Each structure stands twice: as C-alpha cells, then as structure tokens.
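Student: Contents are mmCIF, C-alpha atoms; file name structure_14.cif:
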data_final
#
loop_
_atom_site.label_atom_id
_atom_site.label_comp_id
_atom_site.auth_asym_id
_atom_site.auth_seq_id
_atom_site.Cartn_x
_atom_site.Cartn_y
_atom_site.Cartn_z
CA MET A 1 143.17 28.77 -188.74
CA GLU A 2 141.42 25.45 -189.02
CA ARG A 3 142.30 24.48 -185.47
CA LEU A 4 140.75 27.67 -184.12
CA HIS A 5 137.50 26.93 -185.92
CA ALA A 6 137.60 23.33 -184.77
CA ARG A 7 138.05 24.39 -181.14
CA ARG A 8 135.09 26.75 -181.30
CA ALA A 9 132.96 24.05 -182.82
CA THR A 10 133.52 21.85 -179.75
CA ASN A 11 131.62 24.37 -177.54
CA HIS A 12 134.24 24.18 -174.83
CA PRO A 13 132.75 25.94 -171.75
CA ALA A 14 135.99 27.63 -170.71
CA GLU A 15 136.14 29.47 -174.02
CA GLU A 16 132.48 30.47 -174.08
CA GLY A 17 132.57 32.16 -170.65
CA ILE A 18 129.45 33.78 -169.29
CA ASP A 19 127.32 33.16 -172.37
CA MET A 20 127.76 29.41 -172.03
CA ARG A 21 126.99 29.37 -168.31
CA PHE A 22 123.85 31.45 -168.82
CA ALA A 23 122.76 29.16 -171.64
CA ASP A 24 123.37 26.14 -169.38
CA LEU A 25 120.70 27.45 -167.01
CA PHE A 26 118.11 26.85 -169.70
CA SER A 27 119.65 23.88 -171.52
CA LYS A 28 117.12 21.41 -170.17
CA PRO A 29 113.43 22.25 -170.48
CA ARG A 30 112.62 21.18 -166.91
CA GLN A 31 115.47 23.29 -165.49
CA ALA A 32 114.34 26.28 -167.51
CA VAL A 33 110.78 26.02 -166.21
CA GLY A 34 112.07 25.64 -162.65
CA HIS A 35 114.34 28.68 -162.90
CA LEU A 36 111.60 30.82 -164.43
CA ALA A 37 109.11 29.73 -161.75
CA LEU A 38 111.61 30.55 -159.01
CA ALA A 39 112.31 33.96 -160.52
CA ALA A 40 108.57 34.71 -160.71
CA LEU A 41 108.09 33.60 -157.12
CA LEU A 42 110.93 35.75 -155.82
CA LEU A 43 110.32 38.85 -157.93
CA GLY A 44 106.57 38.72 -158.43
CA PRO A 45 105.19 39.76 -155.02
CA ALA A 46 107.48 42.78 -154.56
CA GLY A 47 106.90 44.02 -158.09
CA ALA A 48 103.16 43.46 -157.86
CA TRP A 49 102.91 45.26 -154.51
CA SER A 50 104.86 48.28 -155.71
CA ALA A 51 102.96 48.52 -158.98
CA ASP A 52 99.62 47.99 -157.25
CA ALA A 53 100.35 50.59 -154.57
CA ALA A 54 101.15 53.17 -157.23
CA ARG A 55 98.34 52.29 -159.64
CA ARG A 56 95.23 51.18 -157.76
CA PRO A 57 94.55 54.04 -155.35
CA ALA A 58 95.61 56.66 -157.90
CA GLN A 59 92.30 56.12 -159.67
CA ASP A 60 90.10 57.03 -156.71
CA ASN A 61 92.45 58.23 -153.94
CA SER A 62 90.07 56.81 -151.33
CA ASP A 63 93.08 55.93 -149.21
CA ILE A 64 93.95 59.62 -148.72
CA TYR A 65 90.68 61.55 -149.14
CA GLY A 66 89.24 62.74 -145.87
CA THR A 67 90.20 64.66 -142.76
CA TRP A 68 93.47 63.99 -140.97
CA ARG A 69 94.93 65.38 -137.75
CA LEU A 70 98.61 66.33 -137.40
CA ALA A 71 99.82 64.17 -134.52
CA LYS A 72 103.59 64.48 -134.32
CA VAL A 73 106.55 66.34 -135.79
CA LEU A 74 108.78 63.63 -137.25
CA ASP A 75 111.70 65.66 -138.61
CA SER A 76 112.63 68.76 -140.57
CA ALA A 77 114.96 69.81 -143.33
CA ASP A 78 118.01 71.88 -142.47
CA ILE A 79 116.34 74.88 -144.09
CA ALA A 80 112.62 75.23 -143.38
CA ALA A 81 109.99 77.93 -143.81
CA MET A 82 108.97 77.85 -140.15
CA SER A 83 110.53 77.42 -136.74
CA ASP A 84 110.36 74.38 -134.45
CA ARG A 85 107.92 76.30 -132.27
CA GLN A 86 105.65 77.07 -135.22
CA ALA A 87 105.76 73.41 -136.31
CA LYS A 88 104.79 72.20 -132.83
CA ALA A 89 101.95 74.75 -132.80
CA MET A 90 100.52 73.00 -135.88
CA LEU A 91 100.02 69.76 -133.97
CA GLY A 92 96.33 68.97 -133.63
CA GLN A 93 95.43 70.96 -136.74
CA GLU A 94 93.33 69.33 -139.42
CA VAL A 95 94.47 68.41 -142.90
CA LEU A 96 91.69 68.09 -145.47
CA ILE A 97 92.52 66.05 -148.54
CA ALA A 98 89.80 66.29 -151.18
CA LYS A 99 89.62 65.89 -154.94
CA ASP A 100 89.61 69.65 -155.57
CA ARG A 101 91.73 70.94 -152.67
CA PHE A 102 94.38 70.20 -150.07
CA LYS A 103 93.95 72.22 -146.89
CA ILE A 104 96.32 72.31 -143.92
CA GLY A 105 95.35 74.64 -141.10
CA LYS A 106 94.18 77.85 -142.74
CA GLN A 107 96.16 77.39 -145.96
CA THR A 108 94.55 75.85 -149.04
CA CYS A 109 95.99 74.49 -152.25
CA GLU A 110 93.46 74.50 -155.07
CA GLY A 111 93.49 71.81 -157.78
CA PRO A 112 96.00 69.35 -156.31
CA SER A 113 97.30 66.68 -158.70
CA TYR A 114 97.88 63.75 -156.30
CA GLU A 115 100.38 62.23 -158.73
CA ARG A 116 101.81 59.00 -157.31
CA SER A 117 105.16 57.32 -157.58
CA VAL A 118 106.86 54.46 -155.76
CA ASP A 119 110.35 55.52 -154.71
CA ASP A 120 113.38 54.30 -152.83
CA LEU A 121 112.81 55.62 -149.31
CA ALA A 122 116.26 56.85 -148.31
CA LYS A 123 117.12 58.24 -151.74
CA SER A 124 113.88 60.18 -152.17
CA PHE A 125 114.11 61.83 -148.75
CA ARG A 126 117.79 62.64 -149.18
CA GLU A 127 117.35 64.11 -152.68
CA GLU A 128 113.95 65.78 -152.40
CA GLY A 129 113.70 66.78 -148.76
CA HIS A 130 117.34 66.93 -147.67
CA VAL A 131 116.36 64.98 -144.55
CA SER A 132 116.92 61.49 -143.19
CA SER A 133 114.10 58.97 -143.58
CA VAL A 134 115.05 57.13 -140.36
CA ASN A 135 112.42 58.80 -138.11
CA MET A 136 109.56 58.65 -140.62
CA GLY A 137 108.32 55.09 -140.00
CA LEU A 138 107.67 54.59 -143.71
CA PRO A 139 107.93 51.42 -145.79
CA ASP A 140 110.70 50.99 -148.37
CA PRO A 141 109.86 51.50 -151.17
CA VAL A 142 107.49 54.31 -150.25
CA THR A 143 104.45 55.58 -152.13
CA SER A 144 104.92 59.31 -152.58
CA ILE A 145 101.99 61.51 -153.59
CA ASP A 146 102.75 64.90 -155.12
CA ALA A 147 99.80 67.17 -154.35
CA GLY A 148 101.37 70.09 -156.22
CA CYS A 149 101.95 72.24 -153.14
CA THR A 150 103.30 69.47 -150.90
CA HIS A 151 104.08 65.75 -150.67
CA ILE A 152 102.18 63.04 -148.85
CA TYR A 153 103.70 59.64 -148.00
CA LEU A 154 101.65 56.52 -147.32
CA LYS A 155 102.08 54.63 -144.08
CA PRO A 156 99.97 51.68 -142.96
CA PRO A 157 96.22 52.34 -143.43
CA GLY A 158 94.96 55.25 -141.37
CA ARG A 159 98.30 57.09 -141.23
CA ILE A 160 100.26 59.35 -143.57
CA VAL A 161 103.29 61.62 -143.45
CA VAL A 162 102.64 65.19 -144.61
CA HIS A 163 105.51 67.42 -145.70
CA TRP A 164 104.78 71.10 -145.06
CA ASP A 165 107.17 74.07 -145.11
CA GLY A 166 110.20 71.84 -144.56
CA TYR A 167 108.68 69.80 -141.71
CA TYR A 168 107.43 66.23 -141.81
CA PHE A 169 104.33 65.50 -139.75
CA ASP A 170 102.77 62.20 -138.81
CA ALA A 171 99.02 62.43 -139.40
CA ALA A 172 96.20 60.13 -138.37
CA ARG A 173 92.85 59.79 -140.14
CA LYS A 174 90.15 61.53 -138.15
CA ALA A 175 87.21 59.31 -137.15
CA ARG A 176 84.21 59.96 -139.36
#
Once you've parsed the file, please lay out its structure as structure tokens.
Tutor:
Amino acid sequence: MERLHARRATNHPAEEGIDMRFADLFSKPRQAVGHLALAALLLGPAGAWSADAARRPAQDNSDIYGTWRLAKVLDSADIAAMSDRQAKAMLGQEVLIAKDRFKIGKQTCEGPSYERSVDDLAKSFREEGHVSSVNMGLPDPVTSIDAGCTHIYLKPPGRIVVHWDGYYFDAARKAR
C-alpha cells in the first residue's frame, strides 16, 4: 500500500495520462498565456462573425427589408407544392420584405417573425428542406431567417435565397 501512495506522489506522467498532459500545457505562465492567445486568435473571428451575423441585423433587419426580384431557380425539394413550370413562371416576380409583412408575388404573410439562427449549411438544408445545399451558393455556416411562412437565407450583401413552396430561389435586391 505504501509503495502505491509513494508512486502517485512522484507525479509520474505515464500514470497521470491525459490529465497530466493537459496540465503541462499550462504549467508555465508564459506557455499558458501563449496557448490562450493562440486559441483566441484561432477561434475568435469565426465565433464573432457567426454571433454577429445572427445578432446585429436581427435588431433592425435592414439587410433584408426592401424589394427583391426572383432571379433564378436554384433547386427544389423532392416533394414541392408547385411544378417546375410554375416555379420558372415566378422568375422576375417581386418579393417584399417589410416589418409587418412578407409578400411574394400575389401571396402575403402577415406578421412575419424574422427569427434568425446561424446553422450548419449542409445539415440544415438536408434536415429542413430535404434538398442539397450544393447549388445554393451560401456561406457555411449560413444565417437562416424564419419568416413564419417561409425561410430566407443570407448571401453576400444584395442577394438572398428565398424558400417558397418547396423551391429555392436566388433573389437580388431591387434598385431603389
């Protein structure tokens, strides 16, 4: 019994395993500061961008409010509420995104929520839309906006993807 206690008291690295190696990372104050700085540098920008993209515009939605024009059919789910021909006929139609309504063509959704989330691109399209994200041209992670009656996905400024009746449309902001 005494030998076992004596061996543990020597802090032999082979016996301490992962705990000892993790502790070694921070055993010297300068090393600890260096490792923490490196972690902040590597993880900070991605985390800040994702959090900022979800938080900042959600307050005013200025990045989505306005009139958009459906420019291209990007893809569709296996089961959709319209045909390919009907989807192509929607091209050129206006989408109005306002605080109190979302209007696409002649259909209007009153009181949209515009609730934002930042999601894994492939997973969200596979699980929510049952469609591949390959043709969408969206960033990963993607900012998804739930309007209540549909979803909107942010692309670079001036472009969005609008999901409507099982189809995904590329839309461009209409000049003011």
Student: For this file, the PyMOL selection byres ((chain A and resi 127-140) around 12) selects which residues, as a PyMOL selection string?
Tutor: chain A and resi 46+49-50+53+72-80+118-126+141-144+146+150-157+159-171
Student: Which one of A:Ala87, A:Ile64, A:Leu70, A:Met82 sits closest to A:Lys99 if you count all atoms listed in the file?
Tutor: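 Result for the nearest residue to A:Lys99: A:Ile64.
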Student: Just the number, please: distance in Å from atom CA of A:Ala89 to atom CA of A:Ser113, one decimal.
Tutor: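 Separating atom CA of A:Ala89 from atom CA of A:Ser113 is a distance of 27.5 Å.
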Student: If I take atom CA of A:Asn61 and atom CA of A:Ala147, how far is one from the other in Å, to one decimal?
Tutor: 11.6 Å
Student: One decimal, Å: what's the distance from atom CA of A:Pro112 over to atom CA of A:Cys149, could you say?
Tutor: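 Interatomic distance, atom CA of A:Pro112 to atom CA of A:Cys149: 7.3 Å.
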Student: What do you get, as a short mmCIF file (atom, residue, chain, number, x, y, z; two decimals) with C-alpha atoms, in the coordinates of the input, if you spell out every residue that the PyMOL selection byres ((chain A and resi 104) around 10) selects here?
Tutor:
data_model
loop_
_atom_site.label_atom_id
_atom_site.label_comp_id
_atom_site.auth_asym_id
_atom_site.auth_seq_id
_atom_site.Cartn_x
_atom_site.Cartn_y
_atom_site.Cartn_z
CA THR A 67 90.20 64.66 -142.76
CA TRP A 68 93.47 63.99 -140.97
CA ARG A 69 94.93 65.38 -137.75
CA LEU A 70 98.61 66.33 -137.40
CA MET A 90 100.52 73.00 -135.88
CA GLN A 93 95.43 70.96 -136.74
CA GLU A 94 93.33 69.33 -139.42
CA VAL A 95 94.47 68.41 -142.90
CA LEU A 96 91.69 68.09 -145.47
CA ILE A 97 92.52 66.05 -148.54
CA ARG A 101 91.73 70.94 -152.67
CA PHE A 102 94.38 70.20 -150.07
CA LYS A 103 93.95 72.22 -146.89
CA GLY A 105 95.35 74.64 -141.10
CA LYS A 106 94.18 77.85 -142.74
CA GLN A 107 96.16 77.39 -145.96
CA THR A 108 94.55 75.85 -149.04
CA CYS A 109 95.99 74.49 -152.25
CA VAL A 162 102.64 65.19 -144.61
CA TRP A 164 104.78 71.10 -145.06
#
